[in-house]
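This report concerns only the one structure given below.
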Amino acid sequence: MALILSGRDAATAWKAYIRKEVAGRRAQGKRAPHLAAILVGEDPASQAYVRGKVRDCEEVGFKSTLITLPADATQQELQKHVSDLNSNPEVDGFIVQLPLPAHLNSNEILLSINPLKDVDGFHPENVGRMALGLPTYLPATPYGMLLLLEHYGLSPEGKHAVVVGRSNIVGSPMSILLSRNTKMGNATVTLAHSRTPNLAEVCRSADILVAAIGKAKYISADMVKPGSIILDVGINRVDGKLIGDVDFDAVEPIVGAITPVPGGVGLMTRVGLLMNTLHAGS
């Protein structure tokens with residue numbers, strides 16, 4: 001039986017660490033970190049995700065602010081709120097929840113966020129600092145996966161990691177982080193995708209397989225190495241159920257460790273955001 005890498009258990013442990021750090025700062029007379037979020041429209045998934053972030057802040061002792069705008073908000077209205085948060089000294093970090101309604105220019109908004117407050121780690125300046133190994137905010141989902149591995153004492157060092165999916169939010173930054181010369185890096189990394197020849201063969205060579213391709217049950221039992229570690233980033237809704245990018249029931253008996261969906265990587269994404277905000281407020 002594979003070790004189930006519970007995002008719930010790991011998140012609980014990391015939140016306890018963050019809560020202790022915040023309490024220590026408060027004891028020294030410092031204020032708690034302050035995270036703000038802008039939510040545009042009424043996308044149910046985005047609403048649920050932001051509500052979770054607000055609850056997380058309450059749990060660890062952060063101050064939080066939620067700004068909600070209607071789905072027909074203009075680019076100028078959204079930009080005004082971003083500018084206000086950029087200049088507010090009481091806000092340590094903030095996010096603009098994606099996806100935005102189609103009429104809004106997401107890139108323009110993300111580029112306008114002060115990199116020092118970009119706790120999602122999406123600004124090109126922070127992406128560049130990450131690639132160079134400089135101190136910065138890390139993209140929350142890859143950061144959360146590293147924290148998950150660290151919680152379970154699973155080091156990537158010396159292992160072959162295969163990342164399936166090359167998005168700027170997950171796949172590409174995860175490939176960089178796993179290869180860096182850091183405590184939770186030093187892996188040899190292959191960045192693969194749907195057009196990779198012999199993809200199944202490439203996946204079978206992985207000691208650590210990160211599935212972030214956005215297709216339900218894409219990773220099948222014949223694509224995994226016995227005893228490997230599987231990190232499933234996928235969140236696909238099929239017949240009313242949340243399904244990962246990995247065929248969990250078929251793969252779990254073969255591998256050494258695997259994240260469930262739900263209850264795995266998604267919860268750790270929120271922890272990555274909290275850790276970034278903790279650093280922003282220091």
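Going by the structure tokens order, chains are called A, B, ..., each with residues numbered from 1, while ligands are numbered from 1 in the order shown.
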
Please return as number ranges by chain: the residues of segment 9-174 of chain A that backbone DSSP assigns to alpha helix (DSSP H).
A: 9-27, 44-60, 75-87, 106-112, 124-131, 140-151, 171-174

As a ChimeraX atom specification, which residues of segment 66-282 of chain A does DSSP assign to strand (DSSP E or B)?
/A:66-69,93-96,118,160-164,188-192,208-211,219,229-232,236-238,241-243,246,257-258

Write the selection just made, keeping N, CA and C atoms, as an mmCIF file, in the first residue's frame?
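Saved the output as out.cif:
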data_model
loop_
_atom_site.group_PDB
_atom_site.id
_atom_site.type_symbol
_atom_site.label_atom_id
_atom_site.label_comp_id
_atom_site.auth_asym_id
_atom_site.auth_seq_id
_atom_site.Cartn_x
_atom_site.Cartn_y
_atom_site.Cartn_z
ATOM 1 N N LEU A 66 -10.870 41.067 2.145
ATOM 2 C CA LEU A 66 -11.419 40.560 0.882
ATOM 3 C C LEU A 66 -12.155 41.682 0.169
ATOM 4 N N ILE A 67 -11.741 41.966 -1.054
ATOM 5 C CA ILE A 67 -12.389 42.981 -1.899
ATOM 6 C C ILE A 67 -13.133 42.239 -3.001
ATOM 7 N N THR A 68 -14.440 42.398 -3.058
ATOM 8 C CA THR A 68 -15.238 41.725 -4.087
ATOM 9 C C THR A 68 -15.758 42.761 -5.079
ATOM 10 N N LEU A 69 -15.603 42.423 -6.363
ATOM 11 C CA LEU A 69 -16.069 43.292 -7.431
ATOM 12 C C LEU A 69 -17.046 42.521 -8.316
ATOM 13 N N GLY A 93 0.852 41.634 1.612
ATOM 14 C CA GLY A 93 0.772 40.927 0.346
ATOM 15 C C GLY A 93 -0.663 40.812 -0.101
ATOM 16 N N PHE A 94 -0.858 40.655 -1.418
ATOM 17 C CA PHE A 94 -2.230 40.474 -1.901
ATOM 18 C C PHE A 94 -2.231 39.668 -3.185
ATOM 19 N N ILE A 95 -3.396 39.130 -3.486
ATOM 20 C CA ILE A 95 -3.579 38.351 -4.702
ATOM 21 C C ILE A 95 -4.792 38.877 -5.462
ATOM 22 N N VAL A 96 -4.763 38.710 -6.751
ATOM 23 C CA VAL A 96 -5.943 38.901 -7.604
ATOM 24 C C VAL A 96 -6.350 37.509 -8.050
ATOM 25 N N ASP A 118 3.598 40.581 -4.199
ATOM 26 C CA ASP A 118 3.081 39.537 -5.093
ATOM 27 C C ASP A 118 3.244 38.159 -4.447
ATOM 28 N N HIS A 160 15.235 11.260 -10.018
ATOM 29 C CA HIS A 160 14.793 11.751 -11.322
ATOM 30 C C HIS A 160 13.337 12.164 -11.196
ATOM 31 N N ALA A 161 13.073 13.437 -11.397
ATOM 32 C CA ALA A 161 11.715 13.959 -11.332
ATOM 33 C C ALA A 161 11.210 14.249 -12.734
ATOM 34 N N VAL A 162 10.002 13.815 -13.014
ATOM 35 C CA VAL A 162 9.352 14.134 -14.283
ATOM 36 C C VAL A 162 8.126 14.981 -13.975
ATOM 37 N N VAL A 163 8.065 16.161 -14.580
ATOM 38 C CA VAL A 163 6.919 17.061 -14.431
ATOM 39 C C VAL A 163 6.146 17.028 -15.737
ATOM 40 N N VAL A 164 4.897 16.597 -15.680
ATOM 41 C CA VAL A 164 4.062 16.513 -16.882
ATOM 42 C C VAL A 164 3.116 17.716 -16.895
ATOM 43 N N THR A 188 17.265 15.595 -10.681
ATOM 44 C CA THR A 188 17.454 15.700 -12.130
ATOM 45 C C THR A 188 16.062 15.728 -12.740
ATOM 46 N N VAL A 189 15.744 16.767 -13.490
ATOM 47 C CA VAL A 189 14.351 17.029 -13.866
ATOM 48 C C VAL A 189 14.134 16.944 -15.368
ATOM 49 N N THR A 190 13.054 16.267 -15.742
ATOM 50 C CA THR A 190 12.558 16.261 -17.113
ATOM 51 C C THR A 190 11.205 16.963 -17.131
ATOM 52 N N LEU A 191 11.078 17.993 -17.967
ATOM 53 C CA LEU A 191 9.806 18.693 -18.126
ATOM 54 C C LEU A 191 9.129 18.147 -19.383
ATOM 55 N N ALA A 192 8.043 17.408 -19.182
ATOM 56 C CA ALA A 192 7.341 16.763 -20.294
ATOM 57 C C ALA A 192 5.953 17.378 -20.469
ATOM 58 N N ILE A 208 10.069 10.690 -8.968
ATOM 59 C CA ILE A 208 9.015 11.616 -8.548
ATOM 60 C C ILE A 208 8.277 12.054 -9.802
ATOM 61 N N LEU A 209 6.976 11.837 -9.835
ATOM 62 C CA LEU A 209 6.165 12.217 -10.999
ATOM 63 C C LEU A 209 5.148 13.269 -10.571
ATOM 64 N N VAL A 210 5.230 14.436 -11.205
ATOM 65 C CA VAL A 210 4.291 15.525 -10.941
ATOM 66 C C VAL A 210 3.313 15.592 -12.109
ATOM 67 N N ALA A 211 2.049 15.316 -11.843
ATOM 68 C CA ALA A 211 1.023 15.307 -12.889
ATOM 69 C C ALA A 211 0.266 16.625 -12.864
ATOM 70 N N ILE A 219 -2.730 9.961 -16.214
ATOM 71 C CA ILE A 219 -1.612 9.101 -15.826
ATOM 72 C C ILE A 219 -2.167 7.754 -15.389
ATOM 73 N N ILE A 229 7.098 8.330 -6.234
ATOM 74 C CA ILE A 229 6.296 9.324 -5.523
ATOM 75 C C ILE A 229 5.466 10.080 -6.551
ATOM 76 N N ILE A 230 4.154 10.131 -6.334
ATOM 77 C CA ILE A 230 3.245 10.771 -7.292
ATOM 78 C C ILE A 230 2.601 11.996 -6.656
ATOM 79 N N LEU A 231 2.781 13.157 -7.288
ATOM 80 C CA LEU A 231 2.146 14.401 -6.852
ATOM 81 C C LEU A 231 1.120 14.796 -7.915
ATOM 82 N N ASP A 232 -0.147 14.703 -7.560
ATOM 83 C CA ASP A 232 -1.244 14.927 -8.510
ATOM 84 C C ASP A 232 -1.815 16.326 -8.321
ATOM 85 N N ASN A 236 -10.156 17.961 -11.737
ATOM 86 C CA ASN A 236 -11.101 17.852 -12.853
ATOM 87 C C ASN A 236 -12.447 17.398 -12.303
ATOM 88 N N ARG A 237 -13.504 18.074 -12.714
ATOM 89 C CA ARG A 237 -14.837 17.689 -12.252
ATOM 90 C C ARG A 237 -15.468 16.742 -13.280
ATOM 91 N N VAL A 238 -15.721 15.506 -12.852
ATOM 92 C CA VAL A 238 -16.297 14.483 -13.713
ATOM 93 C C VAL A 238 -17.504 13.882 -13.007
ATOM 94 N N LYS A 241 -17.902 14.759 -9.436
ATOM 95 C CA LYS A 241 -16.820 14.407 -8.517
ATOM 96 C C LYS A 241 -15.512 15.061 -8.955
ATOM 97 N N LEU A 242 -14.660 15.347 -7.966
ATOM 98 C CA LEU A 242 -13.335 15.884 -8.273
ATOM 99 C C LEU A 242 -12.378 14.732 -8.534
ATOM 100 N N ILE A 243 -11.760 14.747 -9.698
ATOM 101 C CA ILE A 243 -10.850 13.685 -10.127
ATOM 102 C C ILE A 243 -9.499 14.299 -10.473
ATOM 103 N N VAL A 246 -4.303 11.746 -12.237
ATOM 104 C CA VAL A 246 -3.803 10.386 -12.070
ATOM 105 C C VAL A 246 -4.978 9.445 -11.808
ATOM 106 N N ALA A 257 4.281 6.392 -2.766
ATOM 107 C CA ALA A 257 3.564 7.485 -2.108
ATOM 108 C C ALA A 257 2.772 8.253 -3.150
ATOM 109 N N ILE A 258 1.608 8.770 -2.756
ATOM 110 C CA ILE A 258 0.731 9.446 -3.718
ATOM 111 C C ILE A 258 -0.174 10.436 -2.997
#

Contacts of Val265 of chain A at 12 Å or less, counting only C-alpha atoms, minus same-chain residues fewer than 4 places along, as a PDB file with N, CA and C atoms, in the first residue's frame?
ATOM      1  N   ILE A   4      -0.127   7.570   1.708  1.00  0.00           N
ATOM      2  CA  ILE A   4      -1.000   8.639   1.227  1.00  0.00           C
ATOM      3  C   ILE A   4      -0.467   9.965   1.759  1.00  0.00           C
ATOM      4  N   LEU A   5      -0.066  10.830   0.852  1.00  0.00           N
ATOM      5  CA  LEU A   5       0.484  12.125   1.228  1.00  0.00           C
ATOM      6  C   LEU A   5      -0.676  13.098   1.454  1.00  0.00           C
ATOM      7  N   SER A   6      -1.126  13.155   2.688  1.00  0.00           N
ATOM      8  CA  SER A   6      -2.306  13.944   3.040  1.00  0.00           C
ATOM      9  C   SER A   6      -1.968  15.432   3.107  1.00  0.00           C
ATOM     10  N   GLY A   7      -2.556  16.184   2.206  1.00  0.00           N
ATOM     11  CA  GLY A   7      -2.396  17.626   2.278  1.00  0.00           C
ATOM     12  C   GLY A   7      -3.025  18.191   3.533  1.00  0.00           C
ATOM     13  N   ARG A   8      -4.071  17.538   4.021  1.00  0.00           N
ATOM     14  CA  ARG A   8      -4.739  18.004   5.240  1.00  0.00           C
ATOM     15  C   ARG A   8      -3.800  17.914   6.439  1.00  0.00           C
ATOM     16  N   ASP A   9      -3.129  16.761   6.583  1.00  0.00           N
ATOM     17  CA  ASP A   9      -2.227  16.575   7.722  1.00  0.00           C
ATOM     18  C   ASP A   9      -1.024  17.521   7.625  1.00  0.00           C
ATOM     19  N   ALA A  10      -0.458  17.622   6.431  1.00  0.00           N
ATOM     20  CA  ALA A  10       0.704  18.496   6.249  1.00  0.00           C
ATOM     21  C   ALA A  10       0.327  19.959   6.462  1.00  0.00           C
ATOM     22  N   ALA A  11      -0.850  20.359   5.959  1.00  0.00           N
ATOM     23  CA  ALA A  11      -1.295  21.738   6.125  1.00  0.00           C
ATOM     24  C   ALA A  11      -1.501  22.068   7.600  1.00  0.00           C
ATOM     25  N   ALA A 140       2.609  29.494  -5.497  1.00  0.00           N
ATOM     26  CA  ALA A 140       2.048  28.821  -4.321  1.00  0.00           C
ATOM     27  C   ALA A 140       1.900  27.309  -4.481  1.00  0.00           C
ATOM     28  N   THR A 141       1.494  26.834  -5.655  1.00  0.00           N
ATOM     29  CA  THR A 141       1.288  25.384  -5.813  1.00  0.00           C
ATOM     30  C   THR A 141       2.610  24.616  -5.796  1.00  0.00           C
ATOM     31  N   PRO A 142       3.617  25.001  -6.584  1.00  0.00           N
ATOM     32  CA  PRO A 142       4.903  24.314  -6.469  1.00  0.00           C
ATOM     33  C   PRO A 142       5.490  24.408  -5.058  1.00  0.00           C
ATOM     34  N   TYR A 143       5.392  25.586  -4.441  1.00  0.00           N
ATOM     35  CA  TYR A 143       5.890  25.774  -3.078  1.00  0.00           C
ATOM     36  C   TYR A 143       5.172  24.817  -2.126  1.00  0.00           C
ATOM     37  N   GLY A 144       3.854  24.716  -2.279  1.00  0.00           N
ATOM     38  CA  GLY A 144       3.087  23.810  -1.431  1.00  0.00           C
ATOM     39  C   GLY A 144       3.512  22.368  -1.591  1.00  0.00           C
ATOM     40  N   MET A 145       3.835  21.956  -2.823  1.00  0.00           N
ATOM     41  CA  MET A 145       4.284  20.575  -3.040  1.00  0.00           C
ATOM     42  C   MET A 145       5.625  20.315  -2.363  1.00  0.00           C
ATOM     43  N   LEU A 146       6.521  21.299  -2.396  1.00  0.00           N
ATOM     44  CA  LEU A 146       7.806  21.132  -1.714  1.00  0.00           C
ATOM     45  C   LEU A 146       7.595  21.026  -0.208  1.00  0.00           C
ATOM     46  N   LEU A 147       6.678  21.833   0.325  1.00  0.00           N
ATOM     47  CA  LEU A 147       6.376  21.767   1.756  1.00  0.00           C
ATOM     48  C   LEU A 147       5.747  20.425   2.124  1.00  0.00           C
ATOM     49  N   LEU A 148       4.953  19.870   1.225  1.00  0.00           N
ATOM     50  CA  LEU A 148       4.356  18.554   1.448  1.00  0.00           C
ATOM     51  C   LEU A 148       5.439  17.479   1.515  1.00  0.00           C
ATOM     52  N   LEU A 149       6.357  17.500   0.554  1.00  0.00           N
ATOM     53  CA  LEU A 149       7.462  16.533   0.559  1.00  0.00           C
ATOM     54  C   LEU A 149       8.299  16.686   1.828  1.00  0.00           C
ATOM     55  N   VAL A 170       2.378  26.175 -12.628  1.00  0.00           N
ATOM     56  CA  VAL A 170       2.740  24.942 -11.917  1.00  0.00           C
ATOM     57  C   VAL A 170       3.947  24.242 -12.549  1.00  0.00           C
ATOM     58  N   VAL A 210       5.230  14.436 -11.205  1.00  0.00           N
ATOM     59  CA  VAL A 210       4.291  15.525 -10.941  1.00  0.00           C
ATOM     60  C   VAL A 210       3.313  15.592 -12.109  1.00  0.00           C
ATOM     61  N   ALA A 211       2.049  15.316 -11.843  1.00  0.00           N
ATOM     62  CA  ALA A 211       1.023  15.307 -12.889  1.00  0.00           C
ATOM     63  C   ALA A 211       0.266  16.625 -12.864  1.00  0.00           C
ATOM     64  N   ALA A 212       0.501  17.455 -13.870  1.00  0.00           N
ATOM     65  CA  ALA A 212      -0.130  18.776 -13.921  1.00  0.00           C
ATOM     66  C   ALA A 212      -0.537  19.103 -15.338  1.00  0.00           C
ATOM     67  N   ILE A 230       4.154  10.131  -6.334  1.00  0.00           N
ATOM     68  CA  ILE A 230       3.245  10.771  -7.292  1.00  0.00           C
ATOM     69  C   ILE A 230       2.601  11.996  -6.656  1.00  0.00           C
ATOM     70  N   LEU A 231       2.781  13.157  -7.288  1.00  0.00           N
ATOM     71  CA  LEU A 231       2.146  14.401  -6.852  1.00  0.00           C
ATOM     72  C   LEU A 231       1.120  14.796  -7.915  1.00  0.00           C
ATOM     73  N   ASP A 232      -0.147  14.703  -7.560  1.00  0.00           N
ATOM     74  CA  ASP A 232      -1.244  14.927  -8.510  1.00  0.00           C
ATOM     75  C   ASP A 232      -1.815  16.326  -8.321  1.00  0.00           C
ATOM     76  N   VAL A 233      -1.543  17.200  -9.291  1.00  0.00           N
ATOM     77  CA  VAL A 233      -1.998  18.586  -9.216  1.00  0.00           C
ATOM     78  C   VAL A 233      -3.402  18.747  -9.798  1.00  0.00           C
ATOM     79  N   GLY A 234      -3.859  17.783 -10.561  1.00  0.00           N
ATOM     80  CA  GLY A 234      -5.104  17.923 -11.319  1.00  0.00           C
ATOM     81  C   GLY A 234      -6.336  18.058 -10.457  1.00  0.00           C
ATOM     82  N   ILE A 235      -7.245  18.935 -10.881  1.00  0.00           N
ATOM     83  CA  ILE A 235      -8.568  19.050 -10.274  1.00  0.00           C
ATOM     84  C   ILE A 235      -9.569  19.107 -11.423  1.00  0.00           C
ATOM     85  N   GLY A 244      -8.426  13.641 -10.093  1.00  0.00           N
ATOM     86  CA  GLY A 244      -7.093  14.143 -10.407  1.00  0.00           C
ATOM     87  C   GLY A 244      -6.647  13.786 -11.806  1.00  0.00           C
ATOM     88  N   ASP A 245      -5.420  14.163 -12.129  1.00  0.00           N
ATOM     89  CA  ASP A 245      -4.822  13.807 -13.421  1.00  0.00           C
ATOM     90  C   ASP A 245      -4.295  12.376 -13.408  1.00  0.00           C
ATOM     91  N   ILE A 258       1.608   8.770  -2.756  1.00  0.00           N
ATOM     92  CA  ILE A 258       0.731   9.446  -3.718  1.00  0.00           C
ATOM     93  C   ILE A 258      -0.174  10.436  -2.997  1.00  0.00           C
ATOM     94  N   THR A 259      -0.469  11.546  -3.664  1.00  0.00           N
ATOM     95  CA  THR A 259      -1.412  12.516  -3.113  1.00  0.00           C
ATOM     96  C   THR A 259      -2.823  12.182  -3.579  1.00  0.00           C
ATOM     97  N   PRO A 260      -3.816  12.315  -2.697  1.00  0.00           N
ATOM     98  CA  PRO A 260      -5.209  12.110  -3.107  1.00  0.00           C
ATOM     99  C   PRO A 260      -5.780  13.379  -3.739  1.00  0.00           C
ATOM    100  N   VAL A 261      -6.877  13.233  -4.450  1.00  0.00           N
ATOM    101  CA  VAL A 261      -7.657  14.368  -4.966  1.00  0.00           C
ATOM    102  C   VAL A 261      -9.118  14.084  -4.672  1.00  0.00           C
ATOM    103  N   THR A 269      -1.413  24.290  -1.650  1.00  0.00           N
ATOM    104  CA  THR A 269      -1.305  25.553  -2.380  1.00  0.00           C
ATOM    105  C   THR A 269      -1.609  26.718  -1.452  1.00  0.00           C
ATOM    106  N   ARG A 270      -2.632  26.556  -0.625  1.00  0.00           N
ATOM    107  CA  ARG A 270      -3.002  27.614   0.319  1.00  0.00           C
ATOM    108  C   ARG A 270      -1.917  27.810   1.371  1.00  0.00           C
ATOM    109  N   VAL A 271      -1.240  26.729   1.749  1.00  0.00           N
ATOM    110  CA  VAL A 271      -0.141  26.854   2.703  1.00  0.00           C
ATOM    111  C   VAL A 271       1.027  27.618   2.076  1.00  0.00           C
ATOM    112  N   GLY A 272       1.298  27.356   0.795  1.00  0.00           N
ATOM    113  CA  GLY A 272       2.340  28.107   0.100  1.00  0.00           C
ATOM    114  C   GLY A 272       2.062  29.599   0.130  1.00  0.00           C
TER     115      GLY A 272
END

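Of the listed residues A:Ala37, A:Ile176, A:Leu85, A:Met275, the one whose atoms come nearest to Gly128 of chain A is A:Ile176, with distances taken using only C-alpha atoms.
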
Between A:Ser228, A:Gln97, A:Thr182, A:Asn107, single out the one closest to Leu3 of chain A, counting only C-alpha atoms.
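Of the candidates, the smallest distance to Leu3 of chain A is held by A:Ser228.
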
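Rounded to one decimal, atom CA of Ile213 of chain A and atom CA of Ala36 of chain A lie 29.4 Å from each other.
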